[in-house]
$ cat work.cif   # mmCIF, C-alpha atoms
data_upload
#
loop_
_atom_site.label_atom_id
_atom_site.label_comp_id
_atom_site.auth_asym_id
_atom_site.auth_seq_id
_atom_site.Cartn_x
_atom_site.Cartn_y
_atom_site.Cartn_z
CA MET A 16 2.35 -1.02 3.72
CA GLY A 17 1.27 2.50 3.06
CA SER A 18 -1.02 5.36 3.89
CA PHE A 19 -3.68 4.27 1.37
CA ASP A 20 -5.49 7.59 1.47
CA PRO A 21 -7.48 6.46 -0.43
CA PHE A 22 -6.87 2.82 -1.34
CA THR A 23 -6.99 2.80 -5.16
CA ILE A 24 -7.46 0.23 -7.90
CA GLY A 25 -3.68 0.35 -8.26
CA HIS A 26 -3.25 -0.80 -4.65
CA ASP A 27 -5.89 -3.47 -5.19
CA SER A 28 -4.04 -4.75 -8.25
CA ILE A 29 -0.82 -5.15 -6.26
CA VAL A 30 -2.64 -6.96 -3.42
CA ARG A 31 -4.43 -9.37 -5.77
CA ARG A 32 -1.23 -10.09 -7.71
CA ALA A 33 0.80 -10.66 -4.51
CA LEU A 34 -1.81 -12.89 -2.85
CA PRO A 35 -0.89 -16.10 -4.77
CA LEU A 36 2.76 -15.64 -3.74
CA PHE A 37 2.16 -15.85 0.01
CA ASP A 38 0.08 -17.82 2.51
CA ARG A 39 -0.84 -14.58 4.29
CA LEU A 40 -0.82 -10.89 3.42
CA VAL A 41 -0.97 -8.22 6.08
CA ILE A 42 -1.87 -4.81 4.72
CA GLY A 43 -0.18 -2.36 7.06
CA VAL A 44 -1.97 0.98 7.20
CA VAL A 45 0.13 3.92 8.38
CA GLY A 46 -1.34 5.30 11.56
CA ASP A 47 0.95 8.31 11.78
CA ASN A 48 2.85 9.86 8.93
CA VAL A 49 4.77 13.05 9.55
CA ASN A 50 4.96 13.64 5.80
CA LYS A 51 1.17 13.45 5.40
CA PRO A 52 -0.38 15.03 8.50
CA SER A 53 -3.81 15.43 6.85
CA LEU A 54 -4.51 11.71 6.47
CA GLN A 55 -7.98 10.35 7.10
CA PRO A 56 -8.00 8.47 10.42
CA ALA A 57 -6.38 5.04 10.15
CA THR A 58 -9.60 3.41 11.38
CA GLU A 59 -11.52 4.77 8.37
CA ARG A 60 -8.87 3.69 5.87
CA MET A 61 -8.61 0.27 7.50
CA ARG A 62 -12.38 -0.21 7.48
CA ALA A 63 -12.62 0.46 3.74
CA ILE A 64 -9.78 -1.96 2.96
CA SER A 65 -11.10 -4.64 5.34
CA GLU A 66 -14.54 -4.50 3.71
CA LEU A 67 -12.98 -4.94 0.27
CA TYR A 68 -11.22 -8.15 1.34
CA ALA A 69 -13.80 -9.45 3.82
CA ASP A 70 -14.15 -12.69 1.84
CA GLU A 71 -10.40 -13.31 1.66
CA PRO A 72 -9.18 -15.07 4.83
CA ALA A 73 -5.50 -14.78 3.86
CA ILE A 74 -5.64 -10.97 4.04
CA GLU A 75 -5.46 -9.00 7.29
CA VAL A 76 -5.54 -5.23 7.65
CA LYS A 77 -3.70 -3.69 10.59
CA PRO A 78 -2.47 -0.25 11.60
CA TYR A 79 1.16 0.44 12.27
CA TYR A 80 3.08 3.26 13.87
CA GLY A 81 6.75 3.89 13.36
CA LEU A 82 9.00 2.05 10.94
CA ALA A 83 7.49 -0.35 8.43
CA VAL A 84 10.24 -2.91 9.11
CA ASP A 85 9.43 -2.91 12.83
CA PHE A 86 5.79 -3.66 11.96
CA ALA A 87 6.84 -6.35 9.47
CA ARG A 88 9.14 -7.95 12.03
CA ALA A 89 6.37 -7.91 14.68
CA GLU A 90 4.08 -9.66 12.17
CA GLY A 91 6.74 -12.31 11.45
CA ALA A 92 7.04 -11.15 7.84
CA ARG A 93 10.11 -11.94 5.78
CA PHE A 94 9.03 -9.75 2.86
CA ILE A 95 7.49 -6.36 2.25
CA VAL A 96 5.51 -6.03 -0.99
CA LYS A 97 5.46 -2.64 -2.68
CA GLY A 98 4.09 -1.40 -5.99
CA VAL A 99 5.99 0.86 -8.35
CA ARG A 100 4.50 2.93 -11.16
CA SER A 101 7.52 4.67 -12.64
CA ALA A 102 11.29 4.95 -12.66
CA LYS A 103 10.96 7.64 -9.98
CA ASP A 104 8.95 5.26 -7.75
CA PHE A 105 11.45 2.49 -8.48
CA GLU A 106 14.47 4.53 -7.37
CA TYR A 107 12.76 5.64 -4.15
CA GLU A 108 11.59 2.10 -3.33
CA ARG A 109 14.96 0.57 -4.27
CA GLU A 110 16.74 2.86 -1.82
CA MET A 111 14.15 2.15 0.87
CA ALA A 112 14.44 -1.60 0.23
CA ASP A 113 18.22 -1.43 0.63
CA ILE A 114 17.98 0.43 3.94
CA ASN A 115 15.21 -1.85 5.21
CA ARG A 116 17.25 -4.96 4.35
CA ARG A 117 20.32 -3.50 6.07
CA ILE A 118 18.53 -2.63 9.31
CA SER A 119 16.20 -5.63 9.51
CA GLY A 120 17.12 -8.36 7.04
CA ILE A 121 13.63 -8.09 5.55
CA GLU A 122 13.52 -8.22 1.75
CA THR A 123 11.26 -6.04 -0.39
CA LEU A 124 9.42 -7.43 -3.38
CA LEU A 125 8.60 -4.78 -5.98
CA LEU A 126 5.67 -5.37 -8.29
CA TYR A 127 5.29 -3.10 -11.28
CA ALA A 128 1.96 -1.40 -11.82
CA GLU A 129 -0.13 -2.70 -14.65
CA PRO A 130 0.33 -0.20 -17.53
CA GLN A 131 -3.29 0.97 -17.47
CA LEU A 132 -2.96 1.77 -13.73
CA ALA A 133 0.46 3.45 -13.74
CA SER A 134 -0.93 7.00 -13.64
CA ILE A 135 -3.26 6.38 -10.69
CA SER A 136 -2.10 7.56 -7.28
CA SER A 137 -3.82 8.35 -4.01
CA SER A 138 -2.68 11.96 -4.23
CA MET A 139 -4.18 12.28 -7.74
CA VAL A 140 -7.47 10.80 -6.50
CA ARG A 141 -7.50 13.13 -3.47
CA GLU A 142 -6.95 16.14 -5.71
CA LEU A 143 -9.77 15.11 -8.05
CA MET A 144 -12.06 14.59 -5.04
CA HIS A 145 -11.14 18.05 -3.76
CA PHE A 146 -12.43 19.54 -7.03
CA GLY A 147 -15.63 17.49 -6.99
CA VAL A 148 -14.68 15.00 -9.71
CA ASP A 149 -16.28 11.56 -9.53
CA VAL A 150 -13.39 9.21 -8.69
CA ASN A 151 -15.43 6.01 -8.59
CA ASP A 152 -13.47 4.50 -11.50
CA PHE A 153 -10.22 4.84 -9.53
CA LEU A 154 -11.47 3.07 -6.39
CA PRO A 155 -11.88 -0.70 -6.02
CA HIS A 156 -15.32 -2.21 -5.46
CA LYS A 157 -16.37 -5.59 -4.19
#
$ encode --input "work.cif" --output "structure tokens"
Amino acid sequence: MGSFDPFTIGHDSIVRRALPLFDRLVIGVVGDNVNKPSLQPATERMRAISELYADEPAIEVKPYYGLAVDFARAEGARFIVKGVRSAKDFEYEREMADINRRISGIETLLLYAEPQLASISSSMVRELMHFGVDVNDFLPHK
């Protein structure tokens, strides 16, 4: 679950590595994020992700509004999969996982970024795009 603005090769790595662990993966795309009011519309972000996984029947892409655990519960999920790139990411996600488990009983599985992808973030890609840099190498392709 995330804003995925844009969906990067780091996100793709986490999805592809999580896929063998579960019968079904639902990629929850944030529809409203008060911390990131300038997001591309959820429909555009969802379309790009759906096209990437069009040949993978175990992957669904859906929008969500509100708390991630409420979306996970509505989808019948017992786990939330998140990627972490650094100790800073780990601490944030560890705290979030603890709160999510307390309020919902849903566990969070943290997958570490592959070392060559650890510096790639959506915000970094957005900034490069803003300055006209070709970001093709940071975005997944079919």
$ closest_residue --input "work.cif" --among "A:Ala128, A:Pro56, A:Val84, A:Leu34" --to "Ile114 (chain A)" --atoms "only C-alpha atoms"
A:Val84
$ atom_distance --input "work.cif" --atom1 "CA of Val44 (chain A)" --atom2 "CA of Leu82 (chain A)"
11.6 Å
$ resolve_selection --input "work.cif" --expression "the PyMOL selection byres ((chain A and resi 127) around 12)" --output "PDB file with C-alpha atoms, in the frame of the given file"
ATOM      1  CA  GLY A  25      -3.680   0.350  -8.260  1.00  0.00           C
ATOM      2  CA  HIS A  26      -3.250  -0.800  -4.650  1.00  0.00           C
ATOM      3  CA  SER A  28      -4.040  -4.750  -8.250  1.00  0.00           C
ATOM      4  CA  ILE A  29      -0.820  -5.150  -6.260  1.00  0.00           C
ATOM      5  CA  VAL A  30      -2.640  -6.960  -3.420  1.00  0.00           C
ATOM      6  CA  ARG A  32      -1.230 -10.090  -7.710  1.00  0.00           C
ATOM      7  CA  ALA A  33       0.800 -10.660  -4.510  1.00  0.00           C
ATOM      8  CA  VAL A  96       5.510  -6.030  -0.990  1.00  0.00           C
ATOM      9  CA  LYS A  97       5.460  -2.640  -2.680  1.00  0.00           C
ATOM     10  CA  GLY A  98       4.090  -1.400  -5.990  1.00  0.00           C
ATOM     11  CA  VAL A  99       5.990   0.860  -8.350  1.00  0.00           C
ATOM     12  CA  ARG A 100       4.500   2.930 -11.160  1.00  0.00           C
ATOM     13  CA  SER A 101       7.520   4.670 -12.640  1.00  0.00           C
ATOM     14  CA  ALA A 102      11.290   4.950 -12.660  1.00  0.00           C
ATOM     15  CA  ASP A 104       8.950   5.260  -7.750  1.00  0.00           C
ATOM     16  CA  PHE A 105      11.450   2.490  -8.480  1.00  0.00           C
ATOM     17  CA  GLU A 108      11.590   2.100  -3.330  1.00  0.00           C
ATOM     18  CA  LEU A 124       9.420  -7.430  -3.380  1.00  0.00           C
ATOM     19  CA  LEU A 125       8.600  -4.780  -5.980  1.00  0.00           C
ATOM     20  CA  LEU A 126       5.670  -5.370  -8.290  1.00  0.00           C
ATOM     21  CA  ALA A 128       1.960  -1.400 -11.820  1.00  0.00           C
ATOM     22  CA  GLU A 129      -0.130  -2.700 -14.650  1.00  0.00           C
ATOM     23  CA  PRO A 130       0.330  -0.200 -17.530  1.00  0.00           C
ATOM     24  CA  GLN A 131      -3.290   0.970 -17.470  1.00  0.00           C
ATOM     25  CA  LEU A 132      -2.960   1.770 -13.730  1.00  0.00           C
ATOM     26  CA  ALA A 133       0.460   3.450 -13.740  1.00  0.00           C
TER      27      ALA A 133
END
$ resolve_selection --input "work.cif" --expression "the PyMOL selection byres ((chain A and resi 57) around 9)" --output "list in words"
Ser18, Val44, Val45, Gly46, Asp47, Leu54, Gln55, Pro56, Thr58, Glu59, Arg60, Met61, Arg62 and Pro78 of chain A
$ resolve_selection --input "work.cif" --expression "the PyMOL selection byres ((chain A and resi 119) around 12)" --output "PyMOL selection string"
chain A and resi 82-89+91-95+111-118+120-123
$ closest_residue --input "work.cif" --among "A:Val41, A:Ala63, A:Leu143, A:Ile135" --to "Ile24 (chain A)" --atoms "all atoms listed in the file"
A:Ile135
$ atom_distance --input "work.cif" --atom1 "CA of Phe22 (chain A)" --atom2 "CA of Arg141 (chain A)"
10.5 Å
$ atom_distance --input "work.cif" --atom1 "CA of Phe153 (chain A)" --atom2 "CA of Tyr80 (chain A)"
27.0 Å
$ residues_around --input "work.cif" --residues "Tyr68 (chain A)" --least-positions-apart "5" --cutoff "10 Å" --atoms "only C-alpha atoms" --output "PyMOL selection string"
chain A and resi 27+30-31+63+73-76+156-157
$ write_last_selection --input "work.cif" --atoms "C-alpha atoms" --output "compact mmCIF listing (two decimals), in the coordinates of the input"
# COMPACT_ATOMS: atom_id res chain seq x y z
CA ASP A 27 -5.89 -3.47 -5.19
CA VAL A 30 -2.64 -6.96 -3.42
CA ARG A 31 -4.43 -9.37 -5.77
CA ALA A 63 -12.62 0.46 3.74
CA ALA A 73 -5.50 -14.78 3.86
CA ILE A 74 -5.64 -10.97 4.04
CA GLU A 75 -5.46 -9.00 7.29
CA VAL A 76 -5.54 -5.23 7.65
CA HIS A 156 -15.32 -2.21 -5.46
CA LYS A 157 -16.37 -5.59 -4.19
$ axis_aligned_box --input "work.cif" --around "region 24-34 of chain A" --padding-each-side "4 Å" --output "AutoDock Vina command-line options"
--center_x -3.3 --center_y -6.3 --center_z -5.6 --size_x 16.3 --size_y 21.2 --size_z 13.4
